[in-house]
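K.L.:
The structure follows.
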Amino acid sequence: MSTPVVQVRDLDVTFATDSGPVHAVDGVTLDVAPGEVLAIVGESGSGKTVTAKAVLGLLPATATTRGAVVLASRGGGATDVVTVPAARLREARGRDVAMVFQEPSTALNPVYTVGWQIAEGLRAHGPVTSAQARVKAVEALRQVGIPDPEQRVDHYPHQFSGGQKQRIVIAMALALGPALIVADEPTTALDVTVQAEILDLLRRLRDETGAAIVLITHNMGVVADLADRVAVMYQGKLVEQAPVLDLFANPQAEYTKLLLAAVPRVGDGRARAERRAAARQPGWEDAAPVVEARDLVITYPGRFRQPAFTAVDGVSLRIRPGEVLGLVGESGSGKTTVARAIAGLQPVADGSLSVLGAELRGVKGRVLRALRPRLGFVFQDPATSFNPLLTIAECVAEPLVVHGRFGSPGAARRRVDELLEAVQLPRAYGDRFPHELSGGQRQRASLARALALDPELLVADEPTSALDVSVQARVLELFADLQRQLGFACLFVSHDLAVVDLLADRIAVMHRGRLVEEGTGPDVLEHPREDYTRRLLASLPVPDPAAQRARRAIT
Amino acid sequence: MARIEAGKLPVVRQLRQSVGLQRGMLVAGLVLTGLFVLVAALAPVLAPYGHSQLRDAAGPFGAQEPPSGRHLLGTTVGGYDVLSRVIFGAQTALLVVIASILASIVLGVALGLLSGYFGGWLDRVLVLVADAIYAFPSLLLAILGAIVISGGQSSLASGVGATALSITVVFVPQYLRVVRVEVLRVKGEAFVDAARVIGTGSWRIMTRHVLRNAVRTLPLIVTLNASEAILTLAGLGFLGFGIEPTAAAEWGYDLQRSIADVTSGIWWTALFPGLAIVVVALGMTLVGESLNDLADPRLRTRVRAASASTSPSTVAEDAR
């Protein structure tokens, strides 16, 4: 084996914060060989991004770094990022190591053409004429698969789609031919179908240029698809390092086992859905639906006399009592808009939407208020869906007080304690403030608040997409248990087919504002009728490297 | 609020988390401001004479007397004791600052909350009026306010009231805009949506969920505005729109009366009221500026973790 492109030795990073020093990375030792894809996986806060940033010397001034990060240059020689002066570090960046960022739309400067931005890296490392820079930029764009690179080189970032922007960011990283590319969650901000393309691109570039890739991700499907070797981080420490096939087949560390067990897989929910379908009373299908949408149209008003934007276009669906409908789609498909309309947060433009027997098109505030106690809503981001100045108990008591069940949050405390216990939170947590709880605990409290009034319908808008995989599994489990006990009907919105499959009786797939397919889990996932559903399923990386390799060989 | 511990009170918390130069600025500002408040509160005890006293048992004070044992800082052209005027001036200044800031907070926050939460034509009108007021030179506006409210001259109560009100007119737009922008931000947060889904009424959402989350930056503006209020008060007094010398002591008025003295070598009548204005404005500005820096995580300096002392160069050698 040749010399590694980067050697990390006993890396230790401490941040100075208001509440004292925080030890973010604790004695991490890693090597990356040329042409290798190393995936660093872990929950948020495990120190994976900090480790990656340390490789580029990008940590903020509040960080104190110890240990060594030695980058090998292509022309021989080595640079220790931790100790090297700023000028030498700047030389090494771009030449020896480059970075691909998570959010392509913020990583590009909107006021310059993409060609200029690719050339910026070349200019920083020595004089180039603008003609040379342009040629190189066109070449770089062609390499990452942008069509018509000669014309597109003069376009601005907003003229590209999200996936194309990420390609351009990758082109920028490749401009100087670095031996190592650090990709920090390169596909997290992208849709599944686009993600598959970017993963293909990264794999092809690795083969063509021989650059090693350090891939930071929390998505085990992405790991299985792209990585050669995996490093698992937990609470700043490296708990396991193994080739990808070994890690998935035979995890050693306790944490790795937990992590892999928590990853949802398409098809897991089938047994549960069948059991529930069997337990239904006869004649259940004829019961009056809780939600019934007929040719539902929802528009957002256009600005500056532009026509209104139609977010939801002619959607018809129904949710019967006690049924869980999973609504899946990519970003911009209108799934969240449907959820918000059912909760009365978004006016209906056309068609009909009847919720719990009330028509929401042109609804009066009084009717809506009478409807609200019968409906619960769980928001996507538990960090922002609680008033930061109220305790958890006060937040959970809020619906009880507003609807006059109790006079004050204090009087409602007994009911609040019951609710917290129902979502498996200790009673004492009621006295804490939202920021003192972890993401998963907050999302449970959010569930407790949504269920406070015993609603007949629960709308959950991506309730687990802001959570880590292991936390997500526990929250989904709790969700399923509560649904079984309380029997509420539910609209479960998610972009993740595997998550929806775990919970839903029926799955509805949305694409560009239209409902493309609807049916039971096995129908939609195993025998998809529509082309789009098939593409969606094909793009979803399977969290199993062997299976994923086989799938890739077919396509 | 019993639940808020001492560590969470605005200024106390910042004092605890500050270090280095920022702490020095904050402490210096707090000491100066504290001194000012103390002097103002204890004025009747500290001052040797009343603010409008012209004679005592030993006879009239005499005009423009230099500093002596009887008058530590001399007397003014009108025959008042300079030290007593400076001390009582602090009282007037404090009253005006408190009155003007209370009035502008109450008005500004209420209007900002309504404007930000409901939007629509009310919002447009209020912002337009605020912009119009911004376009005026603030001292001119204060003069107009003083003339309209009190006809220019008046007693202590109405004089302080008039000055405070004219300063309020200048400050309300600032509070309105700051609170409005914060309300617009908070209104978009998921927890406000959560409250709406629950079925909470507008009034309860505004008071319970939005208001307290939208007023966090106010302490900064208050401290910065307090020094501006002092300067506006002094400016009004200097231009002759302040308070009668017999009604209350006022630094700006005293400065204006001492203009002629400066050229004839009588330094004590101008120096001390001027110094008082500078010191108080400086103290409040220091508090405001350092609070501002501390509120911004990017500007705040923190206690660093133990520095990288384990000679990293040797580790690097090993790595090779």
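FYI, nothing fancy with the structure tokens labels: chains A, B, ... in order, residues from 1 per chain, ligands from 1 as they appear.
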Compile the residues of chain A that lie within 9 Å of chain B, evaluated using only C-alpha atoms, and express the compilation as a ChimeraX atom specification.

P.N.:
/A:7-10,14-22,62-70,78,80,82-83,343-345,368-373,375-390,398-399,402-403,449-450

K.L.:
What would the file look like if the residues just selected were written as a PDB file, in the first residue's frame with C-alpha atoms?

P.N.:
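So again_32.pdb came out as:
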ATOM      1  CA  GLN A   7      -2.815  10.607   8.354  1.00  0.00           C
ATOM      2  CA  VAL A   8      -4.745  11.751  11.384  1.00  0.00           C
ATOM      3  CA  ARG A   9      -2.980  11.026  14.665  1.00  0.00           C
ATOM      4  CA  ASP A  10      -4.584  11.463  18.107  1.00  0.00           C
ATOM      5  CA  THR A  14     -11.970  21.322  22.143  1.00  0.00           C
ATOM      6  CA  PHE A  15     -14.365  24.220  21.681  1.00  0.00           C
ATOM      7  CA  ALA A  16     -14.626  27.158  24.075  1.00  0.00           C
ATOM      8  CA  THR A  17     -18.333  27.788  24.648  1.00  0.00           C
ATOM      9  CA  ASP A  18     -20.414  29.804  27.086  1.00  0.00           C
ATOM     10  CA  SER A  19     -20.910  26.716  29.241  1.00  0.00           C
ATOM     11  CA  GLY A  20     -17.230  25.846  29.400  1.00  0.00           C
ATOM     12  CA  PRO A  21     -15.002  23.802  27.095  1.00  0.00           C
ATOM     13  CA  VAL A  22     -16.638  21.097  24.971  1.00  0.00           C
ATOM     14  CA  THR A  62     -12.874  29.057  19.396  1.00  0.00           C
ATOM     15  CA  ALA A  63     -11.431  25.587  18.726  1.00  0.00           C
ATOM     16  CA  THR A  64      -8.212  24.290  20.241  1.00  0.00           C
ATOM     17  CA  THR A  65      -6.660  21.463  18.226  1.00  0.00           C
ATOM     18  CA  ARG A  66      -4.093  18.918  19.388  1.00  0.00           C
ATOM     19  CA  GLY A  67      -2.521  15.996  17.596  1.00  0.00           C
ATOM     20  CA  ALA A  68      -1.488  15.858  13.969  1.00  0.00           C
ATOM     21  CA  VAL A  69      -3.200  15.877  10.597  1.00  0.00           C
ATOM     22  CA  VAL A  70      -0.560  15.181   7.953  1.00  0.00           C
ATOM     23  CA  ALA A  78       3.859  16.645   3.758  1.00  0.00           C
ATOM     24  CA  ASP A  80       0.788  19.100   9.183  1.00  0.00           C
ATOM     25  CA  VAL A  82      -2.446  21.589  12.907  1.00  0.00           C
ATOM     26  CA  THR A  83       0.888  23.403  13.162  1.00  0.00           C
ATOM     27  CA  ALA A 343     -54.506  21.422   9.665  1.00  0.00           C
ATOM     28  CA  GLY A 344     -56.116  24.660   8.444  1.00  0.00           C
ATOM     29  CA  LEU A 345     -52.810  26.509   8.125  1.00  0.00           C
ATOM     30  CA  LEU A 368     -61.869  26.092  12.293  1.00  0.00           C
ATOM     31  CA  ARG A 369     -61.519  26.779  15.999  1.00  0.00           C
ATOM     32  CA  ALA A 370     -64.150  24.156  16.802  1.00  0.00           C
ATOM     33  CA  LEU A 371     -62.199  21.712  14.655  1.00  0.00           C
ATOM     34  CA  ARG A 372     -58.801  22.343  16.218  1.00  0.00           C
ATOM     35  CA  PRO A 373     -59.169  20.320  19.435  1.00  0.00           C
ATOM     36  CA  LEU A 375     -56.818  17.502  15.372  1.00  0.00           C
ATOM     37  CA  GLY A 376     -53.166  17.210  16.411  1.00  0.00           C
ATOM     38  CA  PHE A 377     -50.069  18.306  14.497  1.00  0.00           C
ATOM     39  CA  VAL A 378     -46.466  17.184  14.919  1.00  0.00           C
ATOM     40  CA  PHE A 379     -43.900  19.464  13.326  1.00  0.00           C
ATOM     41  CA  GLN A 380     -40.760  18.567  11.473  1.00  0.00           C
ATOM     42  CA  ASP A 381     -38.188  20.330  13.615  1.00  0.00           C
ATOM     43  CA  PRO A 382     -38.736  19.768  17.343  1.00  0.00           C
ATOM     44  CA  ALA A 383     -36.116  22.431  18.105  1.00  0.00           C
ATOM     45  CA  THR A 384     -38.289  25.259  16.805  1.00  0.00           C
ATOM     46  CA  SER A 385     -41.778  23.973  17.483  1.00  0.00           C
ATOM     47  CA  PHE A 386     -41.608  24.794  21.206  1.00  0.00           C
ATOM     48  CA  ASN A 387     -41.714  28.271  22.683  1.00  0.00           C
ATOM     49  CA  PRO A 388     -38.201  28.499  24.166  1.00  0.00           C
ATOM     50  CA  LEU A 389     -39.392  30.505  27.167  1.00  0.00           C
ATOM     51  CA  LEU A 390     -42.001  28.020  28.434  1.00  0.00           C
ATOM     52  CA  GLU A 398     -51.137  24.860  26.273  1.00  0.00           C
ATOM     53  CA  PRO A 399     -53.848  23.059  24.242  1.00  0.00           C
ATOM     54  CA  VAL A 402     -56.595  27.165  25.406  1.00  0.00           C
ATOM     55  CA  HIS A 403     -59.608  24.906  25.061  1.00  0.00           C
ATOM     56  CA  ARG A 449     -48.768  18.009  23.006  1.00  0.00           C
ATOM     57  CA  ALA A 450     -50.420  16.833  19.788  1.00  0.00           C
TER      58      ALA A 450
END

K.L.:
Where in segment 54-275 of chain A does DSSP assign alpha helix (DSSP H), given as a tab-separated table (two decimals) with C-alpha atoms, in the first residue's frame?

P.N.:
chain	number	residue	atom	x	y	z
A	54	ALA	CA	-9.83	19.74	10.99
A	55	VAL	CA	-8.41	17.99	7.92
A	56	LEU	CA	-8.77	21.28	6.00
A	86	ALA	CA	-1.64	30.06	7.52
A	87	ALA	CA	0.15	30.79	4.23
A	88	ARG	CA	1.37	27.19	3.80
A	89	LEU	CA	-2.06	25.88	4.78
A	90	ARG	CA	-3.66	28.00	2.08
A	91	GLU	CA	-1.27	26.50	-0.48
A	92	ALA	CA	-2.22	23.00	0.59
A	93	ARG	CA	-5.96	23.66	0.38
A	94	GLY	CA	-7.22	23.07	-3.12
A	95	ARG	CA	-3.92	21.46	-4.19
A	104	PRO	CA	-24.80	23.60	-2.75
A	105	SER	CA	-27.06	26.62	-2.94
A	106	THR	CA	-25.12	28.45	-0.20
A	107	ALA	CA	-21.66	27.19	-1.18
A	114	VAL	CA	-19.82	29.45	-12.19
A	115	GLY	CA	-16.85	29.58	-14.56
A	116	TRP	CA	-15.39	32.48	-12.61
A	117	GLN	CA	-15.84	30.60	-9.36
A	118	ILE	CA	-14.11	27.49	-10.67
A	119	ALA	CA	-11.25	29.64	-11.97
A	120	GLU	CA	-10.98	31.38	-8.58
A	121	GLY	CA	-9.27	28.30	-7.16
A	122	LEU	CA	-6.79	28.23	-10.05
A	123	ARG	CA	-5.97	31.92	-9.64
A	130	SER	CA	-8.34	34.21	-18.31
A	131	ALA	CA	-8.35	32.13	-21.51
A	132	GLN	CA	-6.53	29.29	-19.75
A	133	ALA	CA	-8.84	29.53	-16.75
A	134	ARG	CA	-11.88	29.36	-19.00
A	135	VAL	CA	-10.62	26.30	-20.81
A	136	LYS	CA	-9.99	24.58	-17.49
A	137	ALA	CA	-13.39	25.59	-16.14
A	138	VAL	CA	-15.14	24.19	-19.23
A	139	GLU	CA	-13.15	21.01	-18.86
A	140	ALA	CA	-14.06	20.74	-15.18
A	141	LEU	CA	-17.77	21.22	-15.95
A	142	ARG	CA	-17.64	18.59	-18.65
A	143	GLN	CA	-15.95	16.21	-16.24
A	149	PRO	CA	-20.27	23.31	-20.72
A	150	GLU	CA	-19.07	25.97	-23.23
A	151	GLN	CA	-22.31	27.91	-22.77
A	152	ARG	CA	-23.05	26.98	-19.17
A	162	GLY	CA	-29.84	21.77	-6.96
A	163	GLY	CA	-28.18	18.65	-8.30
A	164	GLN	CA	-26.31	20.61	-10.97
A	165	LYS	CA	-25.11	23.08	-8.34
A	166	GLN	CA	-23.70	20.21	-6.32
A	167	ARG	CA	-21.93	19.03	-9.50
A	168	ILE	CA	-20.42	22.49	-9.88
A	169	VAL	CA	-19.25	22.48	-6.26
A	170	ILE	CA	-17.60	19.13	-6.98
A	171	ALA	CA	-16.03	20.61	-10.13
A	172	MET	CA	-14.59	23.43	-8.03
A	173	ALA	CA	-13.14	20.90	-5.61
A	174	LEU	CA	-11.55	18.99	-8.51
A	192	VAL	CA	-33.32	10.78	-3.55
A	193	THR	CA	-33.27	10.65	-7.34
A	194	VAL	CA	-30.67	13.45	-7.51
A	195	GLN	CA	-28.70	11.83	-4.70
A	196	ALA	CA	-28.28	8.68	-6.77
A	197	GLU	CA	-26.83	10.73	-9.65
A	198	ILE	CA	-24.36	12.54	-7.39
A	199	LEU	CA	-23.23	9.27	-5.83
A	200	ASP	CA	-22.65	7.88	-9.32
A	201	LEU	CA	-20.65	10.96	-10.21
A	202	LEU	CA	-18.46	10.71	-7.10
A	203	ARG	CA	-17.78	7.04	-7.82
A	204	ARG	CA	-16.86	7.79	-11.45
A	205	LEU	CA	-14.57	10.67	-10.49
A	206	ARG	CA	-12.79	8.51	-7.94
A	207	ASP	CA	-12.11	5.96	-10.68
A	208	GLU	CA	-11.05	8.60	-13.22
A	209	THR	CA	-8.88	10.88	-11.10
A	220	MET	CA	-26.27	4.20	5.91
A	221	GLY	CA	-27.68	3.71	2.40
A	222	VAL	CA	-25.16	6.21	1.02
A	223	VAL	CA	-22.40	4.46	2.95
A	224	ALA	CA	-23.35	1.09	1.54
A	225	ASP	CA	-23.45	2.54	-1.96
A	226	LEU	CA	-20.16	4.42	-2.09
A	244	VAL	CA	-17.71	-1.74	4.39
A	245	LEU	CA	-18.75	-5.34	3.78
A	246	ASP	CA	-17.32	-6.47	7.13
A	247	LEU	CA	-18.92	-3.63	9.00
A	248	PHE	CA	-22.41	-4.32	7.71
A	249	ALA	CA	-22.07	-8.10	7.93
A	254	GLU	CA	-22.00	-2.20	20.50
A	255	TYR	CA	-22.86	1.21	19.11
A	256	THR	CA	-22.41	0.09	15.49
A	257	LYS	CA	-24.80	-2.79	16.07
A	258	LEU	CA	-27.39	-0.41	17.50
A	259	LEU	CA	-26.92	1.99	14.61
A	260	LEU	CA	-27.35	-0.70	11.96
A	261	ALA	CA	-30.36	-2.21	13.69
A	262	ALA	CA	-32.05	1.20	13.78
A	270	ARG	CA	-45.23	-5.19	5.79
A	271	ALA	CA	-45.94	-7.68	8.57
A	272	ARG	CA	-47.29	-4.99	10.84
A	273	ALA	CA	-49.56	-3.53	8.14
A	274	GLU	CA	-50.95	-6.97	7.37
A	275	ARG	CA	-51.62	-7.67	11.03

K.L.:
Can you tell me which residues surround Phe238 of chain B at a distance of at most 12 Å, considering only C-alpha atoms, apart from same-chain residues fewer than 5 positions away, and format the answer as a PDB file with N, CA and C atoms, in the first residue's frame?

P.N.:
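Output file result-v6.pdb follows:
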ATOM      1  N   LEU B 139     -33.204  66.358  17.014  1.00  0.00           N
ATOM      2  CA  LEU B 139     -33.254  67.494  17.946  1.00  0.00           C
ATOM      3  C   LEU B 139     -34.341  68.478  17.531  1.00  0.00           C
ATOM      4  N   ILE B 143     -37.414  69.753  19.719  1.00  0.00           N
ATOM      5  CA  ILE B 143     -37.741  71.160  19.950  1.00  0.00           C
ATOM      6  C   ILE B 143     -39.212  71.413  19.637  1.00  0.00           C
ATOM      7  N   LEU B 231     -28.211  63.278  26.064  1.00  0.00           N
ATOM      8  CA  LEU B 231     -27.681  64.281  25.141  1.00  0.00           C
ATOM      9  C   LEU B 231     -28.802  65.148  24.570  1.00  0.00           C
ATOM     10  N   THR B 232     -29.952  64.539  24.265  1.00  0.00           N
ATOM     11  CA  THR B 232     -31.075  65.318  23.744  1.00  0.00           C
ATOM     12  C   THR B 232     -31.588  66.301  24.793  1.00  0.00           C
ATOM     13  N   LEU B 233     -31.669  65.826  26.032  1.00  0.00           N
ATOM     14  CA  LEU B 233     -32.100  66.702  27.129  1.00  0.00           C
ATOM     15  C   LEU B 233     -31.153  67.891  27.259  1.00  0.00           C
ATOM     16  N   ILE B 243     -35.890  73.351  31.116  1.00  0.00           N
ATOM     17  CA  ILE B 243     -36.645  73.580  32.330  1.00  0.00           C
ATOM     18  C   ILE B 243     -36.113  74.863  32.980  1.00  0.00           C
ATOM     19  N   GLU B 244     -37.014  75.657  33.571  1.00  0.00           N
ATOM     20  CA  GLU B 244     -36.619  76.903  34.256  1.00  0.00           C
ATOM     21  C   GLU B 244     -35.581  76.629  35.342  1.00  0.00           C
ATOM     22  N   GLU B 250     -30.458  71.816  35.448  1.00  0.00           N
ATOM     23  CA  GLU B 250     -30.375  71.089  34.187  1.00  0.00           C
ATOM     24  C   GLU B 250     -29.056  71.472  33.545  1.00  0.00           C
ATOM     25  N   TRP B 251     -28.234  70.449  33.215  1.00  0.00           N
ATOM     26  CA  TRP B 251     -26.859  70.686  32.763  1.00  0.00           C
ATOM     27  C   TRP B 251     -26.792  71.502  31.485  1.00  0.00           C
ATOM     28  N   GLY B 252     -27.643  71.207  30.525  1.00  0.00           N
ATOM     29  CA  GLY B 252     -27.600  71.908  29.255  1.00  0.00           C
ATOM     30  C   GLY B 252     -27.848  73.398  29.437  1.00  0.00           C
ATOM     31  N   TYR B 253     -28.828  73.731  30.295  1.00  0.00           N
ATOM     32  CA  TYR B 253     -29.122  75.138  30.562  1.00  0.00           C
ATOM     33  C   TYR B 253     -27.909  75.827  31.171  1.00  0.00           C
ATOM     34  N   ASP B 254     -27.268  75.167  32.171  1.00  0.00           N
ATOM     35  CA  ASP B 254     -26.107  75.747  32.836  1.00  0.00           C
ATOM     36  C   ASP B 254     -24.959  75.982  31.857  1.00  0.00           C
ATOM     37  N   LEU B 255     -24.780  75.030  30.940  1.00  0.00           N
ATOM     38  CA  LEU B 255     -23.733  75.184  29.927  1.00  0.00           C
ATOM     39  C   LEU B 255     -23.980  76.407  29.077  1.00  0.00           C
ATOM     40  N   GLN B 256     -25.239  76.582  28.695  1.00  0.00           N
ATOM     41  CA  GLN B 256     -25.578  77.690  27.816  1.00  0.00           C
ATOM     42  C   GLN B 256     -25.322  79.019  28.527  1.00  0.00           C
ATOM     43  N   ARG B 257     -25.668  79.082  29.841  1.00  0.00           N
ATOM     44  CA  ARG B 257     -25.461  80.308  30.612  1.00  0.00           C
ATOM     45  C   ARG B 257     -23.998  80.624  30.808  1.00  0.00           C
ATOM     46  N   SER B 258     -23.117  79.612  30.622  1.00  0.00           N
ATOM     47  CA  SER B 258     -21.704  79.844  30.925  1.00  0.00           C
ATOM     48  C   SER B 258     -20.876  80.105  29.681  1.00  0.00           C
ATOM     49  N   ILE B 259     -21.550  80.269  28.531  1.00  0.00           N
ATOM     50  CA  ILE B 259     -20.785  80.491  27.285  1.00  0.00           C
ATOM     51  C   ILE B 259     -19.900  81.733  27.416  1.00  0.00           C
ATOM     52  N   ALA B 270     -18.538  76.153  33.263  1.00  0.00           N
ATOM     53  CA  ALA B 270     -18.820  75.317  32.094  1.00  0.00           C
ATOM     54  C   ALA B 270     -18.285  73.906  32.272  1.00  0.00           C
ATOM     55  N   PRO B 273     -20.713  71.001  34.580  1.00  0.00           N
ATOM     56  CA  PRO B 273     -21.900  70.426  33.929  1.00  0.00           C
ATOM     57  C   PRO B 273     -21.539  69.662  32.658  1.00  0.00           C
ATOM     58  N   GLY B 274     -20.559  70.178  31.899  1.00  0.00           N
ATOM     59  CA  GLY B 274     -20.125  69.511  30.674  1.00  0.00           C
ATOM     60  C   GLY B 274     -19.565  68.139  30.979  1.00  0.00           C
TER      61      GLY B 274
END

K.L.:
Give me the residues near segment 326-339 of chain A as a PyMOL selection string, where near means some atom within 6 Å (using only C-alpha atoms) and where sequence neighbours in that chain fewer than 3 positions away do not count.

P.N.:
chain A and resi 191+311-312+342+492-495+500+504+507-513

K.L.:
Rank nothing, just name the residue among B:Leu111, B:Leu54, B:Ala63, B:Ala234 nearest to Asp123 of chain B, using only C-alpha atoms.

P.N.:
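Of the candidates, the smallest distance to Asp123 of chain B is held by B:Leu111.
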
K.L.:
Record the distance separating atom CA of Thr163 of chain B and atom CA of Ala93 of chain B, expressed in Å with one decimal.

P.N.:
10.2 Å
